[in-house]
Amino acid sequence: MLAHKRPYRSFFLSRIFIFAPFIIIAFSCVIARAQSQDTLKHLPPKTVEITALRPSDLPSVDPRQAEIKPTDELFHRTGSMIAADALQAISSSLDIRQYGSLGSVSLPSFRGLPAEYTILYRDGIRVTNEQLGETDLGQLTLHGISHVELIPASSAVLLGGDAIGSAINLVSEIRDSNTLTIGSEQTLYDGSNGFPTNSYYAKASLRPLPSLSIIAGGSLDQSTGVFPFYQDSSHPNVLRENNDAAIRSANLAALWTASDNTTIRFLGNYFYANRGAGGQVTTPGFGASSLVARQTDAQTYGAIKADHDDGPLSSTFSIGWQRQFESYRDPNYATNDSAWNNLIDASARASYSINSAIEAFGGIEAEHTNLAGTTNKTPNGDSIIGRYRTSAYGAVKLLPFENVQVNGSVRLENISDLALTEVLPQLAINYAPICDLYFGGAYSKSFHAPTLNDLYWNPGGNANLRPESGENWQASIGFEPEWNSYSAKFSVTGFLAHISNEIVWQPYIGTEWTAVNIREVESKGIEFRASVKYSFDARTSIRVEESYTLDSARNITPGDPNYGNELPYSSPTRSLFIVEIDRSDYGSLSVLTRYRGHEYSDLANTPNSKFQPVTTIDVTFASREFSFEGLGLKLLLGVVDLTNQHYEDLIDYPLPSRTYNFSIELNYH
């Protein structure tokens with residue numbers, strides 16, 4: 001991840017998916033009667049939510065505009081706790097570009113925009129660093145996470161001003177019971193022997209005092225990196241090499257109820273990943289352009305948050321510290337690059353209910369990054385680079401009428417080394433003419449500072465880059481009926497993101513790359529979402545979910561030779577279709593179908609850079625917990641890519657084809 005990795009990585013099914021929401025909406029209009037439940041009510045039981053930044057608490061975020069998924073649900077549908085795999089079950093608009101199997105670099109992209117525009121937070125604290133500006137989901141696990149929030153840019157400005165695409169917030173888990181859990185996941189690839197990928201985890205939740213809840217855990221994910229893939233040049237199944245990985249993680253979260261009005265939370269996380277860096281598949285019979293390159297990443301994170309609720313006034317104070325380390329070594333080229341990021345952040349937030357119709361919000365935030373290493377230098381020759389990111393915001397939530405809500409905010413954000421201050425307004429309006437129907441609209445302005453790699457990477461950084469800025473519009477209509485044994489959610493969302501001075505990396509001398517600005521790009525489209533649950537009886541139910549995204553992400557710079565071309569790795573059509581049958585006596589069976597239309601890997605949209613459309617089908621069975629005198633047992637069986645598709649997310653980085661997952665978990669209550 002040290003080098004700036006810019007070479008990122010049916011038709012019939014797609015036509016069925018696009019009409020499915022309309023058919024279901026028409027059916028639902030006839031039988032719907034009652035108000036639907038809030039998404040957050042479907043989180044696992046015995047869980048105490050510990051974040052003050054979930055969408056229901058942010059004044060500018062309507063939970064109906066965000067995707068909120070419990071971690072258990074993502075695991076049951078994908079069979080994986082690695083973030084790169086599990087988050088693929090959230091939305092058709094979220095693309096996870098993967099370089100390979102376990103441990104490989106995996107970058108999230110929202111609605112066809114670059115990975116730098118999706119910012120990752122943990123409990124509202126920024127994890128994405130200033131050096132790269134992108135987050136590798138391939139080295140993160142969801143162990144210790146209660147649920148995941150995917151918030152589009154038009155509503156994410158109070159989390160941070162630079163989430164031009166979206167914000168992903170991982171919310172830590174706290175349970176109010178004493179439980180010990182151990183488990184293991186094993187993976188087998190079609191055409192290989194044994195279980196080359198293994199995962200082991202353990203966690204314990206304790207309540208030593210009525211006012212104190214603690215959960216701690218750790219995991220080990222490891223892989224030989226050997227998986228077969230199909231090579232077009234000679235048509236054999238070749239084994240991928242130098243793609244091994246070992247990922248270790250640990251997490252801690254504690255919630256102390258200091259008084260009836262005050263809670264204090266302690267949060268900690270650690271991960272370490274040592275990975276082979278096989279490079280592109282260019283050597284027939286070997287499956288890797290490099291057999292000795294290695295990549296190491298590590299992060300230590302700790303935070304303390306205090307929440308105080310005193311009648312109409314609520315406040316939150318937090319302070320956090322992170323240390324991030326990255327290195328890349330390749331003896332063939334005498335490369336031994338490394339970098340250390342130290343981040344300190346602090347924030348104070350408050351809200352005050354003036355009356356039943358007006359609530360005011362305000363906050364200040366500060367973050368300091370200190371980057372030291374062998375890869376970055378300023379024009380003055382400094383190899384230790386500091387950046388201060390400070391911001392303040394004010395917001396108001398108005399209820400002028402019983403069925404109308406208006407949210408407005410202004411955020412001021414300053415970046416020290418760029419000597420600029422941005423004013424970022426945001427406005428959202430929601431109208432519910434009847435109990436089951438709502439209309440929503442949102443606008444926000446955001447900006448993205450050039451990363452420290454963009455400016456100071458040696459060689460290739462460009463100190464003359466201009467900051468990126470974006471304007472985001474979103475409008476939606478939703479219908480959420482519930483009647484007896486039937487409940488549903490439907491929505492249609494139109495979106496537009498207009499970005500000035502997008503930063504891309506392009507070759508300029510041989511294999512050397514540099515960062516340049518593209519004056520104007522645009523991503524616009526429509527997203528359809530539908531979810532229907534029908535209960536046959538008290539023990540049996542079926543849930544069907546569909547999200548379908550039509551997206552046009554293009555270079556619209558007048559006079560540019562690539563004017564009108566699609567942005568790299570943006571697909572005009574994406575679909576995520578899920579069917580889940582649940583039987584309380586046995587467990588759940590999920591079928592997850594993902595469709596991706598064509599993509600290009602370069603700005604010029606050359607024929608050689610084109611990816612063909614692909615549809616993959618995953619099937620997972622997750623058992624219920626079988627209990628034996630306080631000991632619980634859960635099993636999971638899964639098949640990823642059931643139809644054995646041969647495809648890749650990035651040129652010359654093939655992905656495993658059919659994959660089998662087996663998981664066993666023991667819980668002692």
# chains A, B, ... in the order shown; residues from 1 in each chain; ligands from 1
>>> closest_atom_pairs(of="segment 558-641 of chain A", to="segment 529-548 of chain A", cutoff="6 Å", atoms="only C-alpha atoms", output="CSV")
residue,atom,partner,partner_atom,distance
A:Arg574,CA,A:Tyr548,CA,5.8
A:Ser575,CA,A:Tyr548,CA,4.4
A:Leu576,CA,A:Ser547,CA,5.3
A:Phe577,CA,A:Glu546,CA,4.5
A:Ile578,CA,A:Glu545,CA,5.0
A:Val579,CA,A:Val544,CA,4.6
A:Glu580,CA,A:Arg543,CA,5.1
A:Ile581,CA,A:Ile542,CA,4.4
A:Asp582,CA,A:Ser541,CA,5.3
A:Arg583,CA,A:Thr540,CA,4.6
A:Ser584,CA,A:Arg539,CA,5.1
>>> write_last_selection(atoms="C-alpha atoms", output="PDB file, in the first residue's frame")
ATOM      1  CA  ARG A 574     -24.516  -3.133 -10.727  1.00  0.00           C
ATOM      2  CA  SER A 575     -26.905  -5.407  -8.888  1.00  0.00           C
ATOM      3  CA  LEU A 576     -27.027  -7.145  -5.512  1.00  0.00           C
ATOM      4  CA  PHE A 577     -29.852  -9.696  -5.123  1.00  0.00           C
ATOM      5  CA  ILE A 578     -30.305 -11.656  -1.876  1.00  0.00           C
ATOM      6  CA  VAL A 579     -32.800 -14.365  -0.949  1.00  0.00           C
ATOM      7  CA  GLU A 580     -32.740 -15.628   2.641  1.00  0.00           C
ATOM      8  CA  ILE A 581     -34.917 -18.373   4.091  1.00  0.00           C
ATOM      9  CA  ASP A 582     -34.921 -18.578   7.873  1.00  0.00           C
ATOM     10  CA  ARG A 583     -36.192 -21.462   9.967  1.00  0.00           C
ATOM     11  CA  SER A 584     -35.718 -20.888  13.701  1.00  0.00           C
TER      12      SER A 584
END
>>> residues_around(residues="Leu132 of chain A", least_positions_apart="2", cutoff="6 Å", atoms="only C-alpha atoms", output="list of chain:residue names")
A:Glu130, A:Glu134, A:Thr451, A:Asn453
>>> closest_residue(among="A:Thr620, A:Ser155, A:Asn565, A:Gln645", to="Ser590 of chain A", atoms="only C-alpha atoms")
A:Thr620
>>> residues_around(residues="Ser353 of chain A", least_positions_apart="4", cutoff="9 Å", atoms="only C-alpha atoms", output="ChimeraX atom specification")
/A:311-314,357-361
>>> residues_around(residues="Lys203 of chain A", least_positions_apart="3", cutoff="9 Å", atoms="only C-alpha atoms", output="ChimeraX atom specification")
/A:143-144,179-182,215-219,251
>>> write_last_selection(atoms="N, CA and C atoms", output="JSON list (two decimals), in the first residue's frame")
[["chain", "number", "residue", "atom", "x", "y", "z"],
["A", 143, "HIS", "N", -14.47, -8.55, 13.49],
["A", 143, "HIS", "CA", -14.56, -9.05, 14.86],
["A", 143, "HIS", "C", -14.60, -7.86, 15.82],
["A", 144, "GLY", "N", -15.51, -7.90, 16.76],
["A", 144, "GLY", "CA", -15.67, -6.80, 17.70],
["A", 144, "GLY", "C", -16.53, -5.67, 17.19],
["A", 179, "THR", "N", -20.24, -13.94, 28.25],
["A", 179, "THR", "CA", -20.19, -14.93, 27.18],
["A", 179, "THR", "C", -18.75, -15.13, 26.74],
["A", 180, "LEU", "N", -18.39, -16.39, 26.47],
["A", 180, "LEU", "CA", -17.09, -16.71, 25.90],
["A", 180, "LEU", "C", -17.33, -17.39, 24.56],
["A", 181, "THR", "N", -16.66, -16.90, 23.53],
["A", 181, "THR", "CA", -16.84, -17.41, 22.17],
["A", 181, "THR", "C", -15.50, -17.78, 21.57],
["A", 182, "ILE", "N", -15.43, -18.96, 20.96],
["A", 182, "ILE", "CA", -14.27, -19.34, 20.15],
["A", 182, "ILE", "C", -14.79, -19.90, 18.84],
["A", 215, "ILE", "N", -15.98, -6.08, 26.41],
["A", 215, "ILE", "CA", -15.83, -7.13, 25.40],
["A", 215, "ILE", "C", -14.43, -7.03, 24.82],
["A", 216, "ALA", "N", -13.75, -8.17, 24.74],
["A", 216, "ALA", "CA", -12.39, -8.21, 24.21],
["A", 216, "ALA", "C", -12.26, -9.45, 23.34],
["A", 217, "GLY", "N", -11.44, -9.35, 22.31],
["A", 217, "GLY", "CA", -11.29, -10.49, 21.42],
["A", 217, "GLY", "C", -10.06, -10.36, 20.56],
["A", 218, "GLY", "N", -9.79, -11.43, 19.84],
["A", 218, "GLY", "CA", -8.67, -11.44, 18.92],
["A", 218, "GLY", "C", -8.90, -12.46, 17.83],
["A", 219, "SER", "N", -8.16, -12.31, 16.73],
["A", 219, "SER", "CA", -8.32, -13.24, 15.62],
["A", 219, "SER", "C", -7.00, -13.41, 14.89],
["A", 251, "ASN", "N", -9.17, -6.59, 19.70],
["A", 251, "ASN", "CA", -10.07, -5.46, 19.93],
["A", 251, "ASN", "C", -10.54, -5.45, 21.37]]
>>> residues_around(residues="Ala334 of chain A", least_positions_apart="4", cutoff="12 Å", atoms="only C-alpha atoms", output="VMD selection string")
chain A and resid 292 to 293 328 to 330
>>> residues_around(residues="Ala250 of chain A", least_positions_apart="4", cutoff="12 Å", atoms="only C-alpha atoms", output="PyMOL selection string")
chain A and resi 140-145+200-204+215-221+267-272+298-302
>>> select_by_dssp(residues="segment 104-137 of chain A", states="helix (DSSP H, G or I)", output="MDAnalysis selection string")
chainID A and resid 115:117 137
>>> write_last_selection(atoms="all heavy atoms", output="PDB file, in the first residue's frame")
ATOM      1  N   ALA A 115     -11.411   5.372  -4.976  1.00  0.00           N
ATOM      2  CA  ALA A 115     -11.397   4.822  -3.621  1.00  0.00           C
ATOM      3  C   ALA A 115     -11.085   5.888  -2.573  1.00  0.00           C
ATOM      4  O   ALA A 115     -11.498   5.758  -1.415  1.00  0.00           O
ATOM      5  CB  ALA A 115     -10.374   3.687  -3.539  1.00  0.00           C
ATOM      6  N   GLU A 116     -10.344   6.942  -2.945  1.00  0.00           N
ATOM      7  CA  GLU A 116     -10.020   8.001  -1.988  1.00  0.00           C
ATOM      8  C   GLU A 116     -11.252   8.744  -1.494  1.00  0.00           C
ATOM      9  O   GLU A 116     -11.194   9.437  -0.483  1.00  0.00           O
ATOM     10  CB  GLU A 116      -9.051   9.014  -2.610  1.00  0.00           C
ATOM     11  CG  GLU A 116      -7.654   8.485  -2.813  1.00  0.00           C
ATOM     12  CD  GLU A 116      -7.518   7.746  -4.137  1.00  0.00           C
ATOM     13  OE1 GLU A 116      -8.551   7.457  -4.783  1.00  0.00           O
ATOM     14  OE2 GLU A 116      -6.385   7.464  -4.537  1.00  0.00           O
ATOM     15  N   TYR A 117     -12.376   8.615  -2.195  1.00  0.00           N
ATOM     16  CA  TYR A 117     -13.579   9.347  -1.815  1.00  0.00           C
ATOM     17  C   TYR A 117     -14.464   8.570  -0.850  1.00  0.00           C
ATOM     18  O   TYR A 117     -15.537   9.044  -0.482  1.00  0.00           O
ATOM     19  CB  TYR A 117     -14.395   9.706  -3.060  1.00  0.00           C
ATOM     20  CG  TYR A 117     -13.710  10.674  -4.001  1.00  0.00           C
ATOM     21  CD1 TYR A 117     -14.209  10.900  -5.281  1.00  0.00           C
ATOM     22  CD2 TYR A 117     -12.562  11.369  -3.625  1.00  0.00           C
ATOM     23  CE1 TYR A 117     -13.601  11.785  -6.154  1.00  0.00           C
ATOM     24  CE2 TYR A 117     -11.937  12.252  -4.489  1.00  0.00           C
ATOM     25  CZ  TYR A 117     -12.456  12.455  -5.749  1.00  0.00           C
ATOM     26  OH  TYR A 117     -11.853  13.332  -6.615  1.00  0.00           O
ATOM     27  N   LEU A 137      -9.426  -2.628   2.870  1.00  0.00           N
ATOM     28  CA  LEU A 137     -10.339  -3.489   3.624  1.00  0.00           C
ATOM     29  C   LEU A 137      -9.845  -4.919   3.706  1.00  0.00           C
ATOM     30  O   LEU A 137     -10.375  -5.709   4.480  1.00  0.00           O
ATOM     31  CB  LEU A 137     -11.722  -3.465   2.972  1.00  0.00           C
ATOM     32  CG  LEU A 137     -12.434  -2.109   2.911  1.00  0.00           C
ATOM     33  CD1 LEU A 137     -13.800  -2.266   2.252  1.00  0.00           C
ATOM     34  CD2 LEU A 137     -12.574  -1.496   4.297  1.00  0.00           C
TER      35      LEU A 137
END
>>> select_by_dssp(residues="segment 301-528 of chain A", states="strand (DSSP E or B)", output="PyMOL selection string")
chain A and resi 301-310+313-330+335-355+358-373+376+384-401+404-415+420-434+437-448+457+468-479+481-483+486-509+512-528
>>> atom_distance(atom1="atom CA of Tyr660 of chain A", atom2="atom CA of Gln612 of chain A")
24.8 Å
>>> closest_residue(among="A:Val404, A:Leu188, A:Ala167, A:Ala156", to="Ser657 of chain A", atoms="only C-alpha atoms")
A:Leu188
>>> atom_distance(atom1="atom CA of Ser409 of chain A", atom2="atom CA of Ala350 of chain A")
13.8 Å
>>> closest_residue(among="A:Leu631, A:Ile526, A:Leu107, A:Cys435", to="Tyr569 of chain A", atoms="only C-alpha atoms")
A:Leu107
>>> decode(residues="segment 555-570 of chain A", atoms="N, CA and C atoms", output="PDB file, in the first residue's frame")
ATOM      1  N   ASN A 555     -15.671  11.518 -17.367  1.00  0.00           N
ATOM      2  CA  ASN A 555     -14.850  12.715 -17.487  1.00  0.00           C
ATOM      3  C   ASN A 555     -15.626  13.716 -18.342  1.00  0.00           C
ATOM      4  N   ILE A 556     -15.948  14.885 -17.784  1.00  0.00           N
ATOM      5  CA  ILE A 556     -16.727  15.880 -18.537  1.00  0.00           C
ATOM      6  C   ILE A 556     -15.926  17.173 -18.708  1.00  0.00           C
ATOM      7  N   THR A 557     -14.591  17.066 -18.728  1.00  0.00           N
ATOM      8  CA  THR A 557     -13.744  18.239 -18.910  1.00  0.00           C
ATOM      9  C   THR A 557     -13.751  18.672 -20.370  1.00  0.00           C
ATOM     10  N   PRO A 558     -14.254  19.870 -20.700  1.00  0.00           N
ATOM     11  CA  PRO A 558     -14.256  20.314 -22.100  1.00  0.00           C
ATOM     12  C   PRO A 558     -12.833  20.367 -22.659  1.00  0.00           C
ATOM     13  N   GLY A 559     -12.671  19.862 -23.883  1.00  0.00           N
ATOM     14  CA  GLY A 559     -11.371  19.896 -24.526  1.00  0.00           C
ATOM     15  C   GLY A 559     -10.419  18.797 -24.113  1.00  0.00           C
ATOM     16  N   ASP A 560     -10.754  18.008 -23.094  1.00  0.00           N
ATOM     17  CA  ASP A 560      -9.885  16.910 -22.664  1.00  0.00           C
ATOM     18  C   ASP A 560      -9.964  15.781 -23.693  1.00  0.00           C
ATOM     19  N   PRO A 561      -8.827  15.150 -24.044  1.00  0.00           N
ATOM     20  CA  PRO A 561      -8.885  14.056 -25.024  1.00  0.00           C
ATOM     21  C   PRO A 561      -9.741  12.884 -24.570  1.00  0.00           C
ATOM     22  N   ASN A 562      -9.995  12.768 -23.252  1.00  0.00           N
ATOM     23  CA  ASN A 562     -10.830  11.682 -22.734  1.00  0.00           C
ATOM     24  C   ASN A 562     -12.237  12.160 -22.380  1.00  0.00           C
ATOM     25  N   TYR A 563     -12.643  13.305 -22.943  1.00  0.00           N
ATOM     26  CA  TYR A 563     -13.972  13.850 -22.655  1.00  0.00           C
ATOM     27  C   TYR A 563     -15.063  12.824 -22.989  1.00  0.00           C
ATOM     28  N   GLY A 564     -15.975  12.642 -22.068  1.00  0.00           N
ATOM     29  CA  GLY A 564     -17.093  11.725 -22.267  1.00  0.00           C
ATOM     30  C   GLY A 564     -16.798  10.291 -21.920  1.00  0.00           C
ATOM     31  N   ASN A 565     -15.544   9.943 -21.625  1.00  0.00           N
ATOM     32  CA  ASN A 565     -15.190   8.558 -21.308  1.00  0.00           C
ATOM     33  C   ASN A 565     -15.610   8.203 -19.879  1.00  0.00           C
ATOM     34  N   GLU A 566     -15.846   6.908 -19.673  1.00  0.00           N
ATOM     35  CA  GLU A 566     -16.167   6.425 -18.337  1.00  0.00           C
ATOM     36  C   GLU A 566     -14.926   6.492 -17.448  1.00  0.00           C
ATOM     37  N   LEU A 567     -15.141   6.781 -16.160  1.00  0.00           N
ATOM     38  CA  LEU A 567     -14.034   6.778 -15.211  1.00  0.00           C
ATOM     39  C   LEU A 567     -13.542   5.347 -15.013  1.00  0.00           C
ATOM     40  N   PRO A 568     -12.236   5.175 -14.769  1.00  0.00           N
ATOM     41  CA  PRO A 568     -11.715   3.822 -14.568  1.00  0.00           C
ATOM     42  C   PRO A 568     -12.447   3.095 -13.437  1.00  0.00           C
ATOM     43  N   TYR A 569     -12.773   1.839 -13.699  1.00  0.00           N
ATOM     44  CA  TYR A 569     -13.401   0.938 -12.741  1.00  0.00           C
ATOM     45  C   TYR A 569     -14.778   1.419 -12.286  1.00  0.00           C
ATOM     46  N   SER A 570     -15.457   2.184 -13.120  1.00  0.00           N
ATOM     47  CA  SER A 570     -16.855   2.529 -12.855  1.00  0.00           C
ATOM     48  C   SER A 570     -17.720   1.734 -13.826  1.00  0.00           C
TER      49      SER A 570
END
